[in-house]
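Novice: Take a look at structure.csv, CSV, C-alpha atoms and all ligand atoms:
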chain,number,residue,atom,x,y,z
V,1,MET,CA,4.6,-96.9,-34.0
V,2,GLY,CA,7.4,-94.9,-32.4
V,3,VAL,CA,6.0,-92.6,-29.7
V,4,LEU,CA,9.3,-91.0,-28.7
V,5,GLU,CA,13.0,-91.4,-29.2
V,6,THR,CA,16.1,-89.9,-27.7
V,7,ARG,CA,19.6,-89.9,-29.2
V,8,SER,CA,22.6,-89.3,-27.0
V,9,LEU,CA,20.6,-87.0,-24.8
V,10,THR,CA,22.7,-85.3,-22.2
V,11,LYS,CA,21.8,-82.7,-19.6
V,12,ARG,CA,24.1,-80.9,-17.2
V,13,TYR,CA,22.6,-78.3,-14.9
V,14,GLY,CA,24.7,-75.1,-14.6
V,15,THR,CA,28.3,-75.9,-14.7
V,16,GLY,CA,27.7,-79.3,-13.0
V,17,ALA,CA,30.3,-81.9,-13.5
V,18,VAL,CA,27.8,-84.6,-13.0
V,19,ALA,CA,25.3,-85.2,-15.8
V,20,ALA,CA,21.6,-85.5,-14.8
V,21,LEU,CA,21.1,-87.3,-18.1
V,22,ASP,CA,24.1,-89.0,-19.7
V,23,ASP,CA,24.2,-89.9,-23.3
V,24,LEU,CA,20.7,-91.4,-23.2
V,25,THR,CA,19.5,-93.2,-26.3
V,26,VAL,CA,16.1,-94.9,-25.9
V,27,ASP,CA,12.9,-95.6,-27.9
V,28,VAL,CA,9.5,-95.7,-26.4
V,29,GLY,CA,6.5,-97.2,-28.2
V,30,THR,CA,2.8,-97.6,-27.5
V,31,GLY,CA,1.2,-99.1,-24.4
V,32,VAL,CA,2.3,-98.3,-20.9
V,33,THR,CA,6.1,-97.6,-20.4
V,34,GLY,CA,7.5,-97.5,-16.9
V,35,LEU,CA,10.4,-95.1,-16.4
V,36,VAL,CA,12.1,-96.3,-13.3
V,37,GLY,CA,15.1,-95.1,-11.3
V,38,ALA,CA,16.2,-94.1,-7.8
V,39,ASN,CA,15.6,-90.6,-6.6
V,40,GLY,CA,17.9,-88.3,-8.7
V,41,ALA,CA,18.3,-90.8,-11.5
V,42,GLY,CA,17.1,-88.2,-14.0
V,43,LYS,CA,13.4,-89.1,-14.6
V,44,SER,CA,11.9,-85.7,-14.1
V,45,THR,CA,14.8,-84.1,-16.1
V,46,LEU,CA,14.0,-86.4,-19.0
V,47,ILE,CA,10.3,-85.6,-19.0
V,48,LYS,CA,10.9,-81.9,-18.9
V,49,ILE,CA,13.3,-82.1,-21.8
V,50,LEU,CA,10.8,-84.3,-23.8
V,51,LEU,CA,8.1,-81.6,-23.2
V,52,GLY,CA,10.4,-78.9,-24.5
V,53,LEU,CA,10.4,-77.2,-21.1
V,54,LEU,CA,14.1,-77.7,-20.5
V,55,PRO,CA,16.9,-77.6,-23.2
V,56,PRO,CA,19.3,-80.5,-23.3
V,57,THR,CA,23.0,-79.8,-23.1
V,58,SER,CA,23.5,-82.1,-26.2
V,59,GLY,CA,21.8,-84.8,-28.1
V,60,GLU,CA,18.4,-85.1,-29.8
V,61,ALA,CA,14.9,-86.2,-29.1
V,62,ARG,CA,11.6,-86.4,-30.9
V,63,VAL,CA,8.1,-86.8,-29.4
V,64,LEU,CA,5.3,-87.9,-31.7
V,65,ASP,CA,7.7,-86.9,-34.5
V,66,HIS,CA,8.2,-83.4,-33.1
V,67,ASP,CA,11.7,-82.1,-32.4
V,68,ILE,CA,12.0,-81.1,-28.7
V,69,ARG,CA,14.4,-78.3,-29.5
V,70,THR,CA,12.1,-76.4,-31.9
V,71,GLU,CA,8.6,-77.8,-31.5
V,72,GLY,CA,8.0,-77.7,-27.7
V,73,GLU,CA,4.7,-75.9,-28.0
V,74,ALA,CA,3.4,-78.4,-30.6
V,75,ILE,CA,4.5,-81.2,-28.3
V,76,ARG,CA,2.7,-79.7,-25.3
V,77,THR,CA,-0.6,-79.4,-27.2
V,78,VAL,CA,-0.6,-83.2,-27.9
V,79,VAL,CA,0.9,-84.5,-24.7
V,80,GLY,CA,-0.7,-84.6,-21.3
V,81,TYR,CA,1.7,-84.0,-18.4
V,82,MET,CA,1.1,-84.7,-14.8
V,83,PRO,CA,4.0,-83.1,-12.8
V,84,GLU,CA,5.5,-84.7,-9.7
V,85,HIS,CA,4.9,-81.8,-7.3
V,86,ASP,CA,1.7,-80.2,-6.2
V,87,CYS,CA,0.6,-77.7,-8.8
V,88,LEU,CA,-3.0,-77.2,-7.8
V,89,PRO,CA,-4.2,-73.8,-6.7
V,90,PRO,CA,-5.8,-74.5,-3.3
V,91,ASP,CA,-8.5,-71.8,-3.7
V,92,MET,CA,-9.9,-73.3,-7.0
V,93,ARG,CA,-12.5,-75.9,-7.5
V,94,ALA,CA,-11.3,-78.9,-9.5
V,95,ILE,CA,-13.9,-78.4,-12.2
V,96,ASP,CA,-12.8,-74.7,-12.8
V,97,PHE,CA,-9.1,-75.7,-12.8
V,98,VAL,CA,-9.5,-78.6,-15.3
V,99,VAL,CA,-11.7,-76.4,-17.5
V,100,HIS,CA,-9.0,-73.7,-17.4
V,101,MET,CA,-6.3,-76.2,-18.3
V,102,GLY,CA,-8.4,-77.4,-21.2
V,103,GLN,CA,-8.7,-73.9,-22.5
V,104,VAL,CA,-5.0,-73.3,-22.0
V,105,SER,CA,-4.4,-76.3,-24.2
V,106,GLY,CA,-6.6,-74.8,-26.9
V,107,LEU,CA,-10.1,-76.2,-26.3
V,108,PRO,CA,-13.0,-73.9,-26.8
V,109,ALA,CA,-14.9,-73.0,-23.6
V,110,ALA,CA,-17.9,-75.3,-24.1
V,111,ALA,CA,-15.7,-78.3,-25.2
V,112,ALA,CA,-13.4,-77.7,-22.2
V,113,ARG,CA,-16.4,-77.8,-19.8
V,114,GLU,CA,-17.7,-81.0,-21.3
V,115,ARG,CA,-14.3,-82.7,-21.3
V,116,ALA,CA,-13.5,-81.5,-17.8
V,117,ALA,CA,-16.7,-83.1,-16.4
V,118,ASP,CA,-15.8,-86.3,-18.3
V,119,VAL,CA,-12.2,-86.7,-17.2
V,120,LEU,CA,-13.1,-85.8,-13.6
V,121,ARG,CA,-15.6,-88.6,-13.6
V,122,HIS,CA,-13.0,-91.0,-15.2
V,123,VAL,CA,-10.6,-90.3,-12.4
V,124,GLY,CA,-13.2,-90.7,-9.7
V,125,LEU,CA,-13.8,-87.1,-8.7
V,126,ALA,CA,-17.3,-86.7,-10.0
V,127,GLU,CA,-18.7,-86.0,-6.6
V,128,GLU,CA,-15.9,-83.8,-5.3
V,129,ARG,CA,-15.4,-81.6,-8.4
V,130,TYR,CA,-17.1,-78.6,-7.0
V,131,ARG,CA,-14.9,-78.6,-3.8
V,132,LEU,CA,-11.9,-76.3,-3.4
V,133,MET,CA,-8.8,-78.4,-4.0
V,134,GLY,CA,-7.0,-77.0,-0.9
V,135,GLY,CA,-9.2,-79.3,1.1
V,136,TYR,CA,-8.4,-82.4,-1.0
V,137,SER,CA,-6.6,-85.5,0.3
V,138,THR,CA,-3.3,-86.4,-1.4
V,139,GLY,CA,-5.1,-89.1,-3.4
V,140,MET,CA,-7.7,-86.6,-4.6
V,141,LYS,CA,-5.0,-84.1,-5.5
V,142,GLN,CA,-3.2,-86.7,-7.6
V,143,ARG,CA,-6.5,-87.5,-9.4
V,144,ALA,CA,-7.1,-83.8,-10.1
V,145,LYS,CA,-3.6,-83.6,-11.5
V,146,LEU,CA,-4.3,-86.6,-13.7
V,147,ALA,CA,-7.5,-85.1,-14.9
V,148,GLN,CA,-5.9,-81.9,-16.1
V,149,ALA,CA,-3.3,-84.0,-18.0
V,150,LEU,CA,-6.1,-85.8,-19.9
V,151,VAL,CA,-8.6,-82.9,-20.5
V,152,HIS,CA,-7.4,-82.0,-24.0
V,153,ASP,CA,-7.5,-85.6,-25.3
V,154,PRO,CA,-3.8,-86.0,-25.5
V,155,ARG,CA,-2.1,-88.5,-27.9
V,156,LEU,CA,0.5,-89.3,-25.2
V,157,VAL,CA,0.6,-88.8,-21.4
V,158,MET,CA,3.6,-88.4,-19.2
V,159,LEU,CA,3.0,-89.0,-15.5
V,160,ASP,CA,5.7,-88.1,-13.1
V,161,GLU,CA,5.4,-90.2,-9.9
V,162,PRO,CA,1.6,-90.3,-9.9
V,163,THR,CA,1.7,-92.6,-6.8
V,164,ASN,CA,3.8,-90.2,-4.7
V,165,GLY,CA,2.6,-89.9,-1.2
V,166,LEU,CA,-0.4,-92.3,-1.6
V,167,ASP,CA,-1.3,-95.0,0.9
V,168,PRO,CA,-1.4,-98.6,-0.5
V,169,ALA,CA,-5.1,-98.5,-1.4
V,170,ALA,CA,-4.9,-95.1,-3.1
V,171,ARG,CA,-1.8,-96.3,-4.9
V,172,ASP,CA,-3.6,-99.3,-6.3
V,173,ASP,CA,-6.5,-97.1,-7.5
V,174,MET,CA,-4.1,-94.7,-9.2
V,175,LEU,CA,-2.2,-97.6,-10.9
V,176,ALA,CA,-5.5,-99.0,-12.1
V,177,LEU,CA,-6.3,-95.6,-13.6
V,178,VAL,CA,-2.9,-95.5,-15.3
V,179,ARG,CA,-3.5,-98.9,-16.7
V,180,ARG,CA,-6.9,-97.9,-18.1
V,181,ILE,CA,-5.4,-94.9,-19.8
V,182,GLY,CA,-2.9,-97.1,-21.6
V,183,HIS,CA,-4.9,-100.2,-22.2
V,184,ASP,CA,-8.6,-99.3,-22.4
V,185,PHE,CA,-8.3,-95.8,-23.9
V,186,GLY,CA,-5.3,-96.8,-26.0
V,187,ILE,CA,-3.2,-93.6,-25.1
V,188,PRO,CA,0.5,-94.3,-24.8
V,189,VAL,CA,1.7,-93.6,-21.3
V,190,LEU,CA,5.2,-92.8,-19.9
V,191,VAL,CA,4.9,-93.2,-16.1
V,192,THR,CA,7.8,-92.7,-13.7
V,193,SER,CA,8.4,-94.3,-10.3
V,194,HIS,CA,11.3,-95.0,-8.0
V,195,LEU,CA,9.6,-98.3,-7.3
V,196,LEU,CA,9.9,-100.9,-10.0
V,197,GLY,CA,7.6,-103.3,-8.1
V,198,GLU,CA,4.5,-101.1,-8.7
V,199,LEU,CA,5.2,-100.5,-12.4
V,200,GLU,CA,5.9,-104.1,-13.4
V,201,ARG,CA,2.3,-104.8,-12.7
V,202,ILE,CA,0.9,-102.3,-15.2
V,203,SER,CA,3.6,-101.6,-17.7
V,204,ASP,CA,4.3,-103.3,-21.0
V,205,HIS,CA,7.8,-102.0,-21.2
V,206,VAL,CA,10.3,-100.8,-18.6
V,207,VAL,CA,13.1,-98.3,-19.0
V,208,VAL,CA,15.5,-98.1,-16.1
V,209,LEU,CA,17.8,-95.1,-15.5
V,210,ASP,CA,20.7,-95.1,-13.1
V,211,SER,CA,22.5,-91.8,-12.5
V,212,GLY,CA,21.2,-90.4,-15.8
V,213,ARG,CA,22.4,-93.4,-17.8
V,214,LEU,CA,20.2,-96.1,-19.5
V,215,LEU,CA,20.5,-99.3,-17.5
V,216,ARG,CA,17.9,-101.3,-19.3
V,217,SER,CA,15.0,-100.9,-21.7
V,218,GLU,CA,12.9,-104.0,-22.2
V,219,ALA,CA,9.5,-105.5,-22.5
V,220,THR,CA,8.3,-106.1,-18.9
V,221,SER,CA,8.1,-109.9,-19.5
V,222,ALA,CA,11.7,-110.0,-20.6
V,223,PHE,CA,12.6,-107.8,-17.7
V,224,LEU,CA,11.2,-110.2,-15.3
V,225,GLY,CA,13.6,-112.7,-16.6
V,226,ASP,CA,10.8,-114.3,-18.6
V,227,THR,CA,9.6,-115.9,-15.4
V,228,GLY,CA,6.7,-113.6,-14.6
V,229,VAL,CA,6.3,-115.8,-11.5
V,230,VAL,CA,3.8,-114.6,-8.9
V,231,LEU,CA,3.8,-115.4,-5.2
V,232,VAL,CA,0.5,-116.0,-3.5
V,233,GLU,CA,-0.1,-116.1,0.3
V,234,VAL,CA,-3.4,-117.3,1.7
V,235,LEU,CA,-4.8,-117.5,5.2
V,236,GLY,CA,-7.5,-119.8,6.4
V,237,ASP,CA,-8.4,-122.8,8.6
V,238,PRO,CA,-7.7,-126.4,7.5
V,239,ASP,CA,-10.7,-128.2,6.0
V,240,ALA,CA,-12.5,-131.2,7.6
V,241,ASP,CA,-9.7,-133.5,6.4
V,242,GLY,CA,-7.0,-131.4,8.0
V,243,THR,CA,-5.8,-130.0,4.6
V,244,ASP,CA,-4.3,-126.5,5.2
V,245,ALA,CA,-5.4,-123.4,3.3
V,246,GLN,CA,-2.2,-123.2,1.3
V,247,THR,CA,-2.5,-126.7,0.0
V,248,ARG,CA,-6.2,-126.3,-0.8
V,249,MET,CA,-5.4,-123.1,-2.7
V,250,GLY,CA,-2.6,-124.8,-4.6
V,251,GLN,CA,-4.9,-127.7,-5.5
V,252,ALA,CA,-7.7,-125.4,-6.6
V,253,LEU,CA,-5.4,-123.4,-8.8
V,254,ALA,CA,-3.9,-126.5,-10.4
V,255,ALA,CA,-7.5,-127.7,-11.1
V,256,ARG,CA,-8.0,-124.5,-13.0
V,257,GLY,CA,-5.0,-125.1,-15.2
V,258,VAL,CA,-2.5,-123.0,-13.3
V,259,THR,CA,1.0,-124.4,-12.8
V,260,CYS,CA,2.1,-123.8,-9.2
V,261,ARG,CA,4.0,-125.2,-6.4
V,262,PRO,CA,4.5,-124.6,-2.7
V,263,ARG,CA,7.5,-122.4,-1.7
V,264,GLY,CA,7.9,-122.0,2.0
V,265,GLY,CA,4.6,-120.5,3.3
V,266,LEU,CA,3.8,-119.2,-0.2
V,267,ILE,CA,2.5,-120.6,-3.5
V,268,GLU,CA,4.7,-120.0,-6.5
V,269,VAL,CA,2.5,-119.5,-9.6
V,270,ASP,CA,3.9,-119.7,-13.1
V,271,PRO,CA,2.9,-117.1,-15.6
V,272,PRO,CA,0.1,-117.7,-18.0
V,273,ASP,CA,0.7,-117.7,-21.7
V,274,VAL,CA,1.0,-114.2,-22.9
V,275,ARG,CA,-2.2,-113.0,-24.5
V,276,PRO,CA,-2.4,-111.0,-27.7
V,277,GLU,CA,-3.2,-107.9,-25.6
V,278,GLY,CA,0.2,-108.1,-23.9
V,279,ALA,CA,2.0,-109.2,-20.8
V,280,ALA,CA,0.2,-106.7,-18.5
V,281,ALA,CA,-3.2,-108.1,-19.5
V,282,ALA,CA,-2.0,-111.6,-19.0
V,283,ARG,CA,-0.9,-110.7,-15.5
V,284,ASP,CA,-4.2,-109.0,-14.7
V,285,ALA,CA,-6.0,-112.1,-15.8
V,286,LEU,CA,-3.9,-114.3,-13.6
V,287,ARG,CA,-4.5,-112.0,-10.6
V,288,ASP,CA,-8.2,-112.1,-11.2
V,289,LEU,CA,-8.1,-115.9,-11.4
V,290,VAL,CA,-6.1,-116.1,-8.1
V,291,ARG,CA,-8.6,-113.7,-6.4
V,292,ASP,CA,-11.6,-115.6,-7.6
V,293,THR,CA,-10.2,-119.0,-6.6
V,294,ALA,CA,-9.5,-117.7,-3.1
V,295,ALA,CA,-13.0,-116.3,-2.9
V,296,ASP,CA,-14.6,-119.6,-4.1
V,297,LEU,CA,-12.5,-121.6,-1.5
V,298,GLY,CA,-13.4,-119.1,1.3
V,299,VAL,CA,-9.7,-118.5,2.1
V,300,GLY,CA,-8.3,-115.1,2.8
V,301,LEU,CA,-5.9,-113.7,0.2
V,302,VAL,CA,-3.0,-112.0,2.0
V,303,ARG,CA,-1.0,-111.1,-1.0
V,304,VAL,CA,-0.3,-111.7,-4.7
V,305,GLN,CA,2.9,-110.2,-5.9
V,306,PRO,CA,5.7,-110.7,-8.4
V,307,GLN,CA,8.8,-112.2,-7.0
V,308,THR,CA,10.5,-109.3,-5.3
V,309,GLY,CA,13.9,-107.7,-5.5
V,310,ARG,CA,13.7,-106.9,-9.2
V,311,LEU,CA,15.1,-103.4,-9.1
V,312,GLU,CA,17.9,-104.6,-6.8
V,313,ASP,CA,18.6,-107.5,-9.2
V,314,VAL,CA,18.8,-105.0,-12.1
V,315,PHE,CA,21.2,-102.8,-10.3
V,316,ARG,CA,23.3,-105.7,-9.1
V,317,ASP,CA,23.5,-107.2,-12.5
V,318,GLY,CA,24.4,-103.7,-13.9
V,319,GLY,CA,25.2,-102.9,-17.5
V,320,ALA,CA,23.0,-101.4,-20.2
V,321,ARG,CA,21.0,-103.6,-22.5
M,1,LIG,N1,17.2,-77.4,-11.4
M,1,LIG,C1,18.2,-78.2,-11.1
M,1,LIG,N2,19.4,-77.6,-10.8
M,1,LIG,C2,20.5,-78.4,-10.5
M,1,LIG,N3,20.4,-79.7,-10.4
M,1,LIG,C3,19.3,-80.3,-10.6
M,1,LIG,C4,18.1,-79.6,-11.0
M,1,LIG,N4,17.1,-80.5,-11.2
M,1,LIG,C5,17.6,-81.7,-10.9
M,1,LIG,N5,18.9,-81.6,-10.6
M,1,LIG,C6,19.7,-82.8,-10.3
M,1,LIG,O1,19.7,-83.6,-11.5
M,1,LIG,C7,19.7,-85.0,-11.1
M,1,LIG,C8,18.5,-85.7,-11.6
M,1,LIG,O2,17.3,-85.1,-11.0
M,1,LIG,P1,15.8,-85.5,-11.4
M,1,LIG,O3,14.9,-84.6,-10.6
M,1,LIG,O4,15.7,-85.5,-12.9
M,1,LIG,O5,15.8,-87.0,-11.0
M,1,LIG,P2,14.5,-87.9,-10.7
M,1,LIG,O6,14.9,-89.3,-11.1
M,1,LIG,O7,13.3,-87.3,-11.2
M,1,LIG,O8,14.5,-87.9,-9.1
M,1,LIG,P3,13.2,-87.7,-8.1
M,1,LIG,O9,12.5,-89.0,-8.2
M,1,LIG,O10,13.9,-87.4,-6.8
M,1,LIG,O11,12.4,-86.5,-8.7
M,1,LIG,C9,19.7,-85.0,-9.6
M,1,LIG,O12,21.1,-85.2,-9.2
M,1,LIG,C10,19.3,-83.6,-9.2
M,1,LIG,O13,19.8,-83.2,-8.0
Please express the file's structure as structure tokens.

Specialist:
Amino acid sequence: MGVLETRSLTKRYGTGAVAALDDLTVDVGTGVTGLVGANGAGKSTLIKILLGLLPPTSGEARVLDHDIRTEGEAIRTVVGYMPEHDCLPPDMRAIDFVVHMGQVSGLPAAAARERAADVLRHVGLAEERYRLMGGYSTGMKQRAKLAQALVHDPRLVMLDEPTNGLDPAARDDMLALVRRIGHDFGIPVLVTSHLLGELERISDHVVVLDSGRLLRSEATSAFLGDTGVVLVEVLGDPDADGTDAQTRMGQALAARGVTCRPRGGLIEVDPPDVRPEGAAAARDALRDLVRDTAADLGVGLVRVQPQTGRLEDVFRDGGAR
């Protein structure tokens, strides 16, 4: 099913000579789609146009089969939107804010209260929902913003830089939430980031923008050059035979059917067969296997990461696909 599509979408602000979006034609389907580009690439502009909040200079777009030029209001009732910047009233409690946003989206009061409590629990703010949001950490604010995007049971969510300003642990938590929305709840997600590395872990499809132009739009697995290779680093003492931790980990992974090889101080792990649920699920399963293997061996897992430099590779290769 097509979730959204744009055709030659162009946006110039004011009399600007430079287009913030330049002749963008792209289709987005179900699952999690990462919208990636450097700062100023046009990600927020695209989202605002798709929500019917900003008129394009030229071109067309449809969201859930609604025309962005004439059906903005209908789009906003079925789409959940998490804006990039802080939009939370500091003197409101999260529960009141999310209930209010639910009502603004058309939910009756009782349903809004029930849904608000549910979504705040889903995003991990069950305990803190009665606190004023002005006292929230950045991670809690991002969760509250996510909750208000979900309260009205949207058919699509657009998340603008949900990991902005988060420390690594909070970023991982947020990415896990985004993945749950797309994969467990089955709601299509369009999520932006200026970091490809964090989105390739959770997205099924990646769209890359460069100065308002489409650079690439591909399944994440294809995007990774069909390698999907993961690098693993472990730390630990040699065993009684003097075999070091890296070699033990490599042997243990191989014994569990994983194809891997040493590469410098790291272990290069080949991707598993892609599961029916998709590439992101297959990568999750591989990560779990690596983590469990390290735990069973009693070695420390320093990192598990896709081979790096993808975004740079894309920009270096250039050219739309
Ligand atoms: N209201 C505006 N008026 C004029 N120019 C704007 C406006 N909003 C955005 N721009 C310009 O349009 C271009 C695209 O900006 P946009 O915010 O869409 O990019 P982005 O990819 O979301 O970047 P970021 O990650 O920094 O938010 C940039 O050059 C930006 O300076």

Novice: Kindly provide, as a CSV table (one decimal) with C-alpha atoms, keeping the file's coordinate frame, all nucleotide and amino acid residues lying within 8 Å of ligand LIG 1 (chain M), counting only C-alpha atoms and all ligand atoms.

Specialist:
chain,number,residue,atom,x,y,z
V,12,ARG,CA,24.1,-80.9,-17.2
V,13,TYR,CA,22.6,-78.3,-14.9
V,14,GLY,CA,24.7,-75.1,-14.6
V,16,GLY,CA,27.7,-79.3,-13.0
V,18,VAL,CA,27.8,-84.6,-13.0
V,19,ALA,CA,25.3,-85.2,-15.8
V,20,ALA,CA,21.6,-85.5,-14.8
V,21,LEU,CA,21.1,-87.3,-18.1
V,36,VAL,CA,12.1,-96.3,-13.3
V,37,GLY,CA,15.1,-95.1,-11.3
V,38,ALA,CA,16.2,-94.1,-7.8
V,39,ASN,CA,15.6,-90.6,-6.6
V,40,GLY,CA,17.9,-88.3,-8.7
V,41,ALA,CA,18.3,-90.8,-11.5
V,42,GLY,CA,17.1,-88.2,-14.0
V,43,LYS,CA,13.4,-89.1,-14.6
V,44,SER,CA,11.9,-85.7,-14.1
V,45,THR,CA,14.8,-84.1,-16.1
V,46,LEU,CA,14.0,-86.4,-19.0
V,84,GLU,CA,5.5,-84.7,-9.7
V,160,ASP,CA,5.7,-88.1,-13.1
V,161,GLU,CA,5.4,-90.2,-9.9
V,193,SER,CA,8.4,-94.3,-10.3
V,194,HIS,CA,11.3,-95.0,-8.0
V,209,LEU,CA,17.8,-95.1,-15.5
V,211,SER,CA,22.5,-91.8,-12.5
V,212,GLY,CA,21.2,-90.4,-15.8

Novice: Mind giving me the straight-line distance from CA of Thr247 in chain V to CA of Arg263 in chain V in Å, one decimal?

Specialist: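 So the two atoms, CA of Thr247 in chain V and CA of Arg263 in chain V, lie 11.0 Å apart.
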
Novice: Could you check the closest approach to Met101 in chain V for each of V:Lys145, V:His183, V:Arg261, V:Arg69 and tell me which residue wins, using only C-alpha atoms?

Specialist: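 Smallest separation from Met101 in chain V among the options: V:Lys145.
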
Novice: Smallest atom-to-atom distance to Leu4 in chain V: which of V:Val299, V:Met82, V:Met158, V:Ala117, using only C-alpha atoms?

Specialist: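 For Leu4 in chain V, the nearest of the given residues is V:Met158.
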
Novice: Just how far from CA of Gly2 in chain V is CA of Arg62 in chain V, in Å to one decimal?

Specialist: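 For CA of Arg62 in chain V relative to CA of Gly2 in chain V, the distance reads 9.6 Å.
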
Novice: For a test of reading the model, state the distance in Å between CA of Ile202 in chain V and CA of Leu231 in chain V, rounded to one decimal.

Specialist: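 A separation of 16.7 Å between them.
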
Novice: Quick one: everything within 9 Å of Ser203 in chain V, counting all atoms listed in the file, minus sequence neighbours fewer than 5 positions away in the same chain. Send it as number ranges by chain.

Specialist: V: 31-34, 179, 182, 189, 191, 219-220, 279-280

Novice: With all atoms listed in the file as the basis for distance, which of V:Ala110, V:Cys260, V:Ile47, V:Ile181 is at the shortest distance from His122 in chain V?

Specialist: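 Ranking V:Ala110, V:Cys260, V:Ile47, V:Ile181 by distance to His122 in chain V, first place goes to V:Ile181.
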
Novice: Of the candidates V:Gly80, V:Met133, V:Ala111, V:Ser105, which one gets nearest to Arg93 in chain V if we count all atoms listed in the file?

Specialist: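 That would be V:Met133, the residue with the smallest distance to Arg93 in chain V.
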
Novice: Which residue gives the smallest distance to Ile95 in chain V among V:Ala144, V:Ala245, V:Val63, V:Leu286, with only C-alpha atoms counted?

Specialist: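 That would be V:Ala144, the residue with the smallest distance to Ile95 in chain V.
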
Novice: Atoms are missing here; could range 121-138 of chain V be completed with N, CA and C atoms and written as a compact mmCIF listing (two decimals), in the coordinates of the input?

Specialist:
# COMPACT_ATOMS: atom_id res chain seq x y z
N ARG V 121 -14.86 -87.39 -13.95
CA ARG V 121 -15.60 -88.60 -13.60
C ARG V 121 -14.71 -89.84 -13.83
N HIS V 122 -13.94 -89.85 -14.91
CA HIS V 122 -13.00 -91.00 -15.20
C HIS V 122 -12.06 -91.20 -14.01
N VAL V 123 -11.56 -90.12 -13.45
CA VAL V 123 -10.60 -90.30 -12.40
C VAL V 123 -11.21 -90.43 -11.02
N GLY V 124 -12.52 -90.46 -10.97
CA GLY V 124 -13.20 -90.70 -9.70
C GLY V 124 -13.42 -89.46 -8.86
N LEU V 125 -13.52 -88.29 -9.50
CA LEU V 125 -13.80 -87.10 -8.70
C LEU V 125 -15.11 -86.43 -9.12
N ALA V 126 -16.04 -87.25 -9.59
CA ALA V 126 -17.30 -86.70 -10.00
C ALA V 126 -18.00 -85.95 -8.86
N GLU V 127 -18.01 -86.57 -7.71
CA GLU V 127 -18.70 -86.00 -6.60
C GLU V 127 -18.01 -84.74 -6.04
N GLU V 128 -16.68 -84.82 -6.02
CA GLU V 128 -15.90 -83.80 -5.30
C GLU V 128 -15.50 -82.62 -6.27
N ARG V 129 -15.97 -82.61 -7.50
CA ARG V 129 -15.40 -81.60 -8.40
C ARG V 129 -15.74 -80.19 -8.12
N TYR V 130 -16.77 -79.97 -7.29
CA TYR V 130 -17.10 -78.60 -7.00
C TYR V 130 -16.47 -78.13 -5.64
N ARG V 131 -15.62 -78.98 -5.06
CA ARG V 131 -14.90 -78.60 -3.80
C ARG V 131 -13.63 -77.88 -4.12
N LEU V 132 -13.21 -76.99 -3.21
CA LEU V 132 -11.90 -76.30 -3.40
C LEU V 132 -10.81 -77.37 -3.17
N MET V 133 -9.80 -77.32 -4.04
CA MET V 133 -8.80 -78.40 -4.00
C MET V 133 -7.86 -78.29 -2.78
N GLY V 134 -7.84 -77.12 -2.13
CA GLY V 134 -7.00 -77.00 -0.90
C GLY V 134 -7.48 -77.98 0.17
N GLY V 135 -8.73 -78.40 0.12
CA GLY V 135 -9.20 -79.30 1.10
C GLY V 135 -9.14 -80.79 0.69
N TYR V 136 -8.51 -81.05 -0.44
CA TYR V 136 -8.40 -82.40 -1.00
C TYR V 136 -7.38 -83.24 -0.21
N SER V 137 -7.61 -84.55 -0.15
CA SER V 137 -6.60 -85.50 0.30
C SER V 137 -5.50 -85.60 -0.75
N THR V 138 -4.37 -86.20 -0.40
CA THR V 138 -3.30 -86.40 -1.40
C THR V 138 -3.82 -87.21 -2.58
